[in-house]
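Structure file target_34.cif (mmCIF, C-alpha atoms and all ligand atoms) is printed below.
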```
data_input
#
loop_
_atom_site.label_atom_id
_atom_site.label_comp_id
_atom_site.auth_asym_id
_atom_site.auth_seq_id
_atom_site.Cartn_x
_atom_site.Cartn_y
_atom_site.Cartn_z
CA MET A 1 101.27 -61.79 -22.21
CA ILE A 2 98.47 -59.45 -21.25
CA LYS A 3 98.45 -58.19 -17.68
CA ASN A 4 95.95 -56.41 -15.48
CA MET A 5 93.14 -57.07 -17.89
CA ALA A 6 90.03 -55.67 -16.21
CA ILE A 7 87.61 -56.45 -19.01
CA ASN A 8 85.79 -59.69 -19.60
CA ILE A 9 87.77 -61.94 -21.94
CA TYR A 10 85.89 -64.75 -23.66
CA ASP A 11 87.60 -67.93 -24.78
CA LEU A 12 85.36 -67.92 -27.84
CA ILE A 13 83.06 -65.45 -29.55
CA ILE A 14 80.79 -66.83 -32.24
CA ILE A 15 79.45 -64.38 -34.82
CA GLY A 16 76.05 -65.64 -36.01
CA SER A 17 73.28 -67.39 -34.09
CA GLY A 18 71.99 -69.78 -36.74
CA PRO A 19 72.37 -73.58 -36.48
CA ALA A 20 76.17 -73.41 -36.97
CA GLY A 21 76.69 -70.76 -34.29
CA LEU A 22 74.25 -72.25 -31.78
CA THR A 23 75.70 -75.76 -32.12
CA ALA A 24 79.24 -74.41 -31.79
CA GLY A 25 78.03 -72.72 -28.59
CA ILE A 26 76.58 -75.98 -27.24
CA TYR A 27 79.85 -77.86 -27.83
CA ALA A 28 82.12 -75.04 -26.63
CA SER A 29 80.12 -74.70 -23.41
CA ARG A 30 80.36 -78.45 -22.80
CA TYR A 31 84.16 -77.99 -23.16
CA LYS A 32 83.84 -75.28 -20.46
CA LEU A 33 84.99 -72.53 -22.80
CA LYS A 34 83.65 -69.11 -21.82
CA THR A 35 81.48 -68.57 -24.87
CA LEU A 36 79.51 -65.65 -26.25
CA ILE A 37 77.26 -65.98 -29.30
CA ILE A 38 76.43 -62.69 -31.04
CA GLY A 39 73.83 -62.80 -33.78
CA LYS A 40 71.14 -60.78 -35.47
CA ILE A 41 68.38 -63.42 -35.48
CA ASN A 42 68.49 -66.50 -33.25
CA GLY A 43 67.87 -69.56 -35.42
CA GLY A 44 69.22 -67.85 -38.55
CA LEU A 45 68.02 -68.57 -42.06
CA MET A 46 66.04 -71.68 -41.12
CA THR A 47 63.54 -69.45 -39.29
CA GLU A 48 62.25 -68.70 -42.82
CA SER A 49 61.28 -72.33 -43.36
CA HIS A 50 57.75 -73.44 -42.44
CA LYS A 51 58.48 -77.15 -42.66
CA ILE A 52 61.70 -79.03 -41.96
CA CYS A 53 61.56 -82.81 -42.32
CA ASN A 54 65.24 -83.73 -42.74
CA PHE A 55 66.71 -82.87 -39.35
CA PRO A 56 67.24 -86.30 -37.74
CA THR A 57 65.23 -85.72 -34.56
CA GLU A 58 62.33 -83.94 -36.28
CA GLU A 59 59.68 -85.47 -38.51
CA ASP A 60 58.02 -82.14 -39.23
CA ILE A 61 58.95 -78.88 -37.50
CA THR A 62 59.05 -75.19 -38.38
CA GLY A 63 62.48 -73.57 -38.61
CA LEU A 64 61.44 -71.14 -35.90
CA ALA A 65 60.68 -73.98 -33.46
CA LEU A 66 63.90 -75.85 -34.30
CA GLY A 67 65.89 -72.63 -33.81
CA GLU A 68 64.24 -72.08 -30.42
CA LYS A 69 65.24 -75.60 -29.34
CA MET A 70 68.86 -75.02 -30.34
CA GLU A 71 68.94 -71.62 -28.64
CA LYS A 72 67.47 -73.09 -25.45
CA ASN A 73 70.10 -75.82 -25.37
CA ALA A 74 72.98 -73.40 -26.07
CA ARG A 75 71.87 -71.27 -23.11
CA ALA A 76 71.31 -74.35 -20.92
CA GLN A 77 74.86 -75.57 -21.57
CA GLY A 78 76.25 -72.16 -20.56
CA SER A 79 76.61 -70.00 -23.69
CA GLU A 80 75.72 -66.34 -23.44
CA ILE A 81 73.65 -65.19 -26.43
CA ILE A 82 73.08 -61.56 -27.37
CA ASN A 83 71.45 -59.98 -30.42
CA LYS A 84 73.69 -57.43 -32.11
CA GLU A 85 75.17 -56.73 -35.52
CA ILE A 86 78.93 -57.09 -35.71
CA THR A 87 80.65 -54.38 -37.72
CA ASN A 88 84.35 -54.79 -36.96
CA ILE A 89 87.03 -57.20 -35.76
CA SER A 90 90.58 -56.21 -34.84
CA GLU A 91 93.47 -58.20 -33.36
CA SER A 92 96.25 -57.30 -30.96
CA ASP A 93 98.62 -59.55 -28.99
CA GLY A 94 96.60 -62.64 -29.87
CA LEU A 95 93.30 -61.20 -28.60
CA PHE A 96 90.43 -60.22 -30.88
CA THR A 97 88.20 -57.21 -30.28
CA ILE A 98 84.78 -57.63 -31.84
CA SER A 99 82.70 -54.45 -32.22
CA SER A 100 78.99 -54.08 -32.73
CA SER A 101 76.93 -51.44 -34.54
CA ASP A 102 75.88 -49.95 -31.18
CA ASN A 103 79.56 -49.28 -30.32
CA MET A 104 80.15 -52.11 -27.88
CA ASP A 105 83.41 -54.05 -27.81
CA PHE A 106 83.84 -57.70 -26.85
CA VAL A 107 87.23 -59.41 -26.39
CA SER A 108 88.02 -63.02 -27.17
CA ARG A 109 90.87 -65.46 -27.62
CA SER A 110 89.24 -67.08 -30.63
CA ILE A 111 86.43 -66.51 -33.11
CA ILE A 112 84.04 -68.63 -35.13
CA LEU A 113 82.55 -66.85 -38.14
CA ALA A 114 79.04 -68.32 -38.55
CA TYR A 115 77.17 -65.42 -40.10
CA GLY A 116 75.68 -67.43 -42.96
CA THR A 117 74.83 -66.12 -46.40
CA ALA A 118 72.51 -63.53 -47.95
CA HIS A 119 69.54 -63.95 -50.27
CA ARG A 120 70.48 -63.72 -53.95
CA HIS A 121 68.58 -60.99 -55.80
CA LEU A 122 67.14 -61.04 -59.32
CA GLY A 123 69.09 -57.95 -60.33
CA ILE A 124 66.38 -56.52 -62.60
CA PRO A 125 64.88 -52.99 -62.54
CA LYS A 126 62.30 -52.14 -59.85
CA GLU A 127 63.32 -55.06 -57.61
CA LYS A 128 64.45 -52.71 -54.81
CA GLU A 129 61.58 -50.21 -55.22
CA LEU A 130 58.93 -52.95 -55.03
CA LEU A 131 60.46 -54.76 -52.05
CA GLY A 132 57.69 -54.96 -49.44
CA LYS A 133 55.22 -53.80 -52.10
CA GLY A 134 54.64 -57.21 -53.62
CA ILE A 135 58.21 -58.53 -53.68
CA SER A 136 59.54 -60.66 -50.83
CA TYR A 137 62.44 -62.99 -50.08
CA CYS A 138 60.62 -64.92 -47.34
CA ALA A 139 57.35 -66.80 -47.87
CA THR A 140 56.86 -67.71 -44.20
CA CYS A 141 57.35 -64.07 -43.15
CA ASP A 142 55.08 -62.45 -45.76
CA GLY A 143 52.87 -65.22 -47.16
CA MET A 144 49.83 -64.28 -45.05
CA PHE A 145 49.57 -60.92 -46.83
CA PHE A 146 48.50 -62.84 -49.94
CA LYS A 147 45.53 -64.81 -48.63
CA ASN A 148 43.28 -65.87 -51.56
CA LYS A 149 45.47 -63.92 -54.01
CA THR A 150 47.74 -64.91 -56.88
CA VAL A 151 51.47 -65.19 -56.26
CA ALA A 152 54.59 -66.44 -58.02
CA VAL A 153 57.72 -68.06 -56.64
CA ILE A 154 60.97 -67.92 -58.58
CA GLY A 155 63.45 -70.78 -58.19
CA GLY A 156 63.79 -74.54 -58.50
CA SER A 157 65.64 -75.60 -55.33
CA ASP A 158 64.26 -76.79 -51.97
CA SER A 159 63.65 -73.30 -50.59
CA ALA A 160 61.59 -72.38 -53.70
CA LEU A 161 59.65 -75.65 -53.59
CA THR A 162 58.83 -75.43 -49.89
CA SER A 163 57.87 -71.77 -50.29
CA ALA A 164 55.51 -72.66 -53.16
CA LEU A 165 53.92 -75.43 -51.08
CA TYR A 166 53.50 -73.12 -48.10
CA LEU A 167 51.90 -70.42 -50.28
CA ALA A 168 49.61 -72.95 -51.99
CA ASP A 169 47.77 -73.31 -48.66
CA ILE A 170 47.23 -69.54 -48.43
CA ALA A 171 46.91 -68.14 -51.94
CA ASN A 172 44.40 -69.10 -54.64
CA LYS A 173 47.04 -69.67 -57.27
CA VAL A 174 50.83 -70.10 -57.20
CA TYR A 175 53.07 -69.93 -60.25
CA LEU A 176 56.42 -71.64 -59.75
CA ILE A 177 58.82 -70.15 -62.27
CA TYR A 178 62.17 -71.79 -62.89
CA ARG A 179 64.74 -71.23 -65.61
CA GLY A 180 65.90 -74.87 -65.74
CA GLU A 181 64.41 -77.76 -67.66
CA LYS A 182 63.30 -79.55 -64.50
CA LEU A 183 62.97 -78.71 -60.80
CA ARG A 184 66.12 -79.62 -58.89
CA GLY A 185 65.00 -79.92 -55.24
CA GLU A 186 64.32 -83.03 -53.17
CA PRO A 187 62.17 -85.56 -55.09
CA SER A 188 59.76 -85.67 -52.12
CA TRP A 189 59.02 -81.95 -52.47
CA ILE A 190 58.71 -82.26 -56.27
CA GLU A 191 56.13 -85.01 -55.76
CA ASN A 192 54.14 -82.69 -53.46
CA ILE A 193 54.37 -79.87 -56.02
CA ASN A 194 53.08 -82.14 -58.79
CA GLN A 195 50.17 -83.24 -56.61
CA SER A 196 49.15 -79.69 -55.71
CA LYS A 197 45.98 -78.45 -57.42
CA ASN A 198 46.86 -74.74 -57.38
CA ILE A 199 50.57 -74.70 -58.24
CA GLU A 200 51.40 -74.20 -61.92
CA VAL A 201 55.03 -74.90 -62.81
CA LEU A 202 56.58 -72.82 -65.60
CA LEU A 203 59.93 -74.31 -66.65
CA ASN A 204 62.58 -72.79 -68.95
CA SER A 205 61.23 -69.42 -67.87
CA GLU A 206 62.83 -66.32 -66.36
CA VAL A 207 61.21 -63.17 -65.03
CA THR A 208 62.41 -60.35 -67.27
CA GLU A 209 60.33 -57.40 -66.09
CA LEU A 210 58.51 -56.24 -62.96
CA ILE A 211 55.47 -54.11 -63.75
CA GLY A 212 53.75 -51.75 -61.30
CA GLU A 213 54.35 -48.32 -59.81
CA ASN A 214 53.54 -48.32 -56.09
CA LYS A 215 52.92 -52.04 -55.93
CA LEU A 216 53.69 -55.07 -58.06
CA GLU A 217 50.91 -55.76 -60.55
CA LYS A 218 52.37 -57.96 -63.26
CA ILE A 219 55.52 -59.77 -64.28
CA LYS A 220 56.80 -60.46 -67.74
CA ILE A 221 58.49 -63.79 -68.38
CA SER A 222 61.07 -64.72 -71.00
CA ASN A 223 58.58 -66.05 -73.57
CA GLY A 224 56.92 -62.61 -73.57
CA THR A 225 53.86 -63.63 -71.50
CA GLN A 226 52.63 -61.27 -68.81
CA LEU A 227 51.21 -62.72 -65.59
CA GLU A 228 48.94 -60.73 -63.28
CA ILE A 229 50.10 -61.41 -59.75
CA ASN A 230 49.87 -59.79 -56.32
CA GLY A 231 53.07 -61.15 -54.83
CA LEU A 232 56.43 -62.40 -56.04
CA PHE A 233 58.70 -64.52 -53.83
CA VAL A 234 62.32 -64.63 -54.92
CA GLU A 235 63.88 -67.93 -53.82
CA ILE A 236 66.89 -68.22 -56.11
CA GLY A 237 69.40 -69.22 -53.46
CA THR A 238 71.92 -67.41 -51.34
CA GLU A 239 75.41 -65.98 -51.80
CA PRO A 240 78.37 -65.15 -49.57
CA ILE A 241 78.32 -61.91 -47.58
CA LYS A 242 81.52 -59.95 -48.22
CA TYR A 243 82.03 -58.03 -44.97
CA ASP A 244 84.83 -55.44 -44.96
CA PHE A 245 85.80 -56.49 -41.45
CA VAL A 246 86.66 -59.94 -42.76
CA LYS A 247 88.68 -58.48 -45.62
CA ASN A 248 90.99 -56.89 -42.96
CA PHE A 249 92.28 -60.39 -42.19
CA LYS A 250 94.10 -62.95 -44.31
CA ILE A 251 91.07 -65.17 -44.73
CA ASP A 252 91.15 -67.12 -47.98
CA THR A 253 87.94 -67.53 -49.92
CA ASP A 254 87.06 -69.40 -53.10
CA GLU A 255 86.28 -67.51 -56.31
CA LYS A 256 82.64 -66.99 -55.23
CA GLY A 257 83.57 -65.64 -51.79
CA TYR A 258 82.88 -68.70 -49.58
CA ILE A 259 85.43 -68.95 -46.72
CA GLU A 260 87.96 -71.74 -47.22
CA VAL A 261 88.35 -74.03 -44.23
CA ASN A 262 90.41 -77.12 -43.46
CA GLN A 263 89.00 -80.29 -41.94
CA ALA A 264 89.06 -78.65 -38.49
CA GLN A 265 87.06 -75.65 -39.82
CA GLN A 266 90.13 -73.40 -39.40
CA THR A 267 90.47 -70.46 -41.76
CA SER A 268 93.83 -69.24 -43.08
CA GLN A 269 93.92 -66.67 -40.22
CA ALA A 270 95.25 -67.97 -36.89
CA GLY A 271 92.60 -67.76 -34.17
CA ILE A 272 89.64 -67.58 -36.59
CA TRP A 273 87.45 -70.55 -37.51
CA ALA A 274 84.36 -70.61 -39.75
CA ALA A 275 81.28 -72.85 -39.80
CA GLY A 276 78.04 -73.28 -41.73
CA ASP A 277 76.72 -71.95 -45.02
CA LEU A 278 79.52 -69.39 -45.41
CA THR A 279 82.28 -72.00 -45.79
CA THR A 280 83.55 -74.29 -48.53
CA GLY A 281 83.14 -77.25 -46.14
CA SER A 282 80.75 -80.22 -46.17
CA ASN A 283 81.14 -80.73 -49.92
CA ASN A 284 79.27 -77.40 -50.40
CA PHE A 285 76.09 -79.09 -49.12
CA ARG A 286 74.53 -76.14 -47.27
CA GLN A 287 71.99 -77.56 -44.83
CA ILE A 288 71.06 -77.33 -41.15
CA ILE A 289 72.71 -80.64 -40.30
CA THR A 290 75.97 -79.75 -42.04
CA ALA A 291 76.00 -76.28 -40.44
CA CYS A 292 75.57 -77.95 -37.02
CA ALA A 293 78.34 -80.46 -37.77
CA GLU A 294 80.75 -77.72 -38.84
CA GLY A 295 79.96 -75.74 -35.69
CA ALA A 296 80.69 -78.80 -33.53
CA ILE A 297 84.00 -79.50 -35.30
CA ALA A 298 85.09 -75.86 -34.99
CA ALA A 299 84.35 -75.81 -31.24
CA GLU A 300 86.31 -79.02 -30.65
CA SER A 301 89.24 -77.69 -32.66
CA ILE A 302 89.24 -74.44 -30.64
CA PHE A 303 89.18 -76.41 -27.39
CA LYS A 304 92.39 -78.18 -28.45
CA TYR A 305 93.95 -74.93 -29.73
CA LEU A 306 93.28 -73.00 -26.53
CA LYS A 307 94.78 -75.78 -24.41
CA THR A 308 98.13 -75.19 -26.12
CA ASN A 309 97.84 -71.43 -26.79
CA THR A 310 96.55 -70.09 -23.49
CA ILE A 311 97.13 -66.42 -22.78
CA SER A 312 97.14 -65.50 -19.09
CA SER A 313 94.79 -62.71 -18.26
C1 LIG B 1 63.13 -71.18 -47.10
C2 LIG B 1 64.27 -72.04 -46.64
C3 LIG B 1 64.04 -73.37 -46.34
C4 LIG B 1 65.10 -74.18 -45.90
N1 LIG B 1 64.81 -75.47 -45.59
C5 LIG B 1 65.79 -76.28 -45.12
C6 LIG B 1 65.49 -77.64 -44.75
O1 LIG B 1 64.34 -78.09 -44.82
N2 LIG B 1 66.53 -78.40 -44.30
C7 LIG B 1 67.81 -77.93 -44.19
O2 LIG B 1 68.69 -78.67 -43.74
N3 LIG B 1 68.11 -76.66 -44.56
C8 LIG B 1 67.14 -75.82 -45.02
N4 LIG B 1 67.44 -74.53 -45.38
C9 LIG B 1 68.87 -74.10 -45.32
C10 LIG B 1 69.30 -73.74 -43.88
O3 LIG B 1 68.41 -72.76 -43.37
C11 LIG B 1 70.74 -73.24 -43.86
O4 LIG B 1 71.60 -74.19 -44.46
C12 LIG B 1 71.23 -72.99 -42.43
O5 LIG B 1 70.37 -72.07 -41.77
C13 LIG B 1 72.65 -72.43 -42.40
O6 LIG B 1 73.02 -72.19 -41.07
P1 LIG B 1 74.18 -71.16 -40.67
O7 LIG B 1 74.21 -71.17 -39.19
O8 LIG B 1 75.41 -71.45 -41.42
O9 LIG B 1 73.72 -69.73 -41.21
P2 LIG B 1 72.37 -68.90 -40.99
O10 LIG B 1 71.25 -69.79 -40.64
O11 LIG B 1 72.25 -68.04 -42.20
O12 LIG B 1 72.67 -68.00 -39.70
C14 LIG B 1 73.56 -66.94 -39.74
C15 LIG B 1 73.14 -65.92 -38.70
O13 LIG B 1 74.14 -64.89 -38.63
C16 LIG B 1 73.51 -63.62 -38.58
N5 LIG B 1 74.41 -62.57 -39.04
C17 LIG B 1 74.75 -62.23 -40.32
N6 LIG B 1 75.60 -61.18 -40.31
C18 LIG B 1 75.80 -60.85 -39.01
C19 LIG B 1 76.56 -59.83 -38.37
N7 LIG B 1 77.28 -58.95 -39.05
N8 LIG B 1 76.51 -59.75 -37.02
C20 LIG B 1 75.76 -60.64 -36.29
N9 LIG B 1 75.03 -61.63 -36.85
C21 LIG B 1 75.05 -61.73 -38.20
C22 LIG B 1 72.28 -63.81 -39.48
O14 LIG B 1 71.30 -62.81 -39.23
C23 LIG B 1 71.83 -65.21 -39.05
O15 LIG B 1 71.02 -65.13 -37.90
C24 LIG B 1 66.42 -73.67 -45.81
C25 LIG B 1 66.66 -72.33 -46.13
C26 LIG B 1 65.60 -71.52 -46.53
C27 LIG B 1 65.87 -70.07 -46.88
#
```

Using the file provided, produce a representation of the structure as structure tokens.
Amino acid sequence: MIKNMAINIYDLIIIGSGPAGLTAGIYASRYKLKTLIIGKINGGLMTESHKICNFPTEEDITGLALGEKMEKNARAQGSEIINKEITNISESDGLFTISSSDNMDFVSRSIILAYGTAHRHLGIPKEKELLGKGISYCATCDGMFFKNKTVAVIGGSDSALTSALYLADIANKVYLIYRGEKLRGEPSWIENINQSKNIEVLLNSEVTELIGENKLEKIKISNGTQLEINGLFVEIGTEPIKYDFVKNFKIDTDEKGYIEVNQAQQTSQAGIWAAGDLTTGSNNFRQIITACAEGAIAAESIFKYLKTNTISS
């Protein structure tokens, strides 16, 4: 029992303001839980997508616009949303203290981890040095710098295909380089790629060398060919973020580092739930709709948990 608590105690703090976090906020607020969402970028990873056609209510929308709609609804239902980077979590007497990089502390009875995943890197020399000098991980953010130029996209999944299609409307020529035998994204996107006049698909190919001193000038691919390009967009998927503050808790992960959750999105640590791309849930199908669903399930589970585990403040 905690007495004389002068500080603001939230029922739920959500770390991450992507689709999982924002949807969890919408549901939690409808359950009248005092909810705070803390995230770096409202809308999350989908803000990098120029065209989303598979969210049920949207025929064709940018990720930025869809994120703004979710944020607006989360606020309308009563969630507080602030933009900060979380750097630590500690626990005492059943209450969690969540700390941000600007030395602020927030206290909550429960947590949802919804901080998503990070872009996977190529891991070849010069990748870091040439970042922002021809190399990018986000076509919608940086594509306009390559108007009427030649660019390459690496990857074969939906994010690579949609990036290539977006760039094809800006650049003169787009190489789509993929190590597999055939592209593996949605057939609808593959059809669009095949119909495009300025996208050249190079299969069974990997980028082996980045050439250029102060800016990217050429890339070498696995068959020895060199391609002169101005920009290279790395879209080879995402991977789990391994935060030290999560390692402080007994949160089980799979061998890759994705957080293991049960059907109620609970982690192995009492009081902490997880939702979205960072979990092993939804049959590992990492999409906006599944992130939203996991956020909703986590919020409902926390509502039930807090009804039976209430701490007087
Ligand atoms: C180019 C591209 C196109 C895509 N197209 C589609 C599509 O058409 N349809 C579809 O369904 N999916 C698409 N996706 C996938 C979709 O974006 C993700 O599945 C979805 O965004 C996952 O949501 P999330 O809330 O789990 O995580 P995220 O969206 O990654 O959100 C996590 C948030 O947490 C924040 N965060 C991370 N660490 C911290 C910290 N320490 N403190 C505070 N905040 C933190 C991040 O900055 C981010 O804002 C696409 C992805 C990309 C990259």

| message | To check your reading of the model: which residues sit at most 6 Å from ligand LIG 1 (chain B) when counting only C-alpha atoms and all ligand atoms? Write the answer as a count of residues only. | response | 36

Tell me, counting only C-alpha atoms, for each residue of stretch 1-114 of chain A within 10 Å of stretch 245-261 of chain A, which pair of atoms is nearest and how far apart they are in Å to one decimal, in rows ordered by chain and increasing number, as CSV.
```
residue,atom,partner,partner_atom,distance
A:Ile86,CA,A:Phe245,CA,9.0
A:Thr87,CA,A:Phe245,CA,6.7
A:Asn88,CA,A:Phe245,CA,5.0
A:Ile89,CA,A:Phe245,CA,5.9
A:Ser90,CA,A:Asn248,CA,8.2
A:Glu91,CA,A:Phe249,CA,9.2
A:Ile98,CA,A:Phe245,CA,9.7
A:Ser99,CA,A:Phe245,CA,9.9
A:Leu113,CA,A:Val246,CA,9.3
```

| said: Set the distance at 10 Å and use only C-alpha atoms: which residues neighbour A:Ser136 once local chain neighbours fewer than 5 positions away are removed? I'd like the list as a PyMOL selection string. | reply: chain A and resi 127+130-131+141-143+153+231-235

| remark: Using only C-alpha atoms, the best pick from A:Ile13, A:Ile111, A:Ala118, A:Ile219 as closest to A:Glu239 would be A:Ala118

| field | Atomic distance atom CA of A:Leu161 - atom CA of A:Asn223, expressed in Å with one decimal | value |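 Atom CA of A:Asn223 lies at a distance of 22.2 Å from atom CA of A:Leu161.
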
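Proximity to A:Thr279 was assessed for A:Ile7, A:Ile112, A:Ala168, A:Met144 counting all atoms listed in the file; the smallest distance is recorded for A:Ile112.
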
| query | Closest to A:Asn194 among A:Leu165, A:Val207, A:Ala171, A:Ile14, using all atoms listed in the file? | reply |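 Using all atoms listed in the file, A:Asn194 sits closest to A:Leu165.
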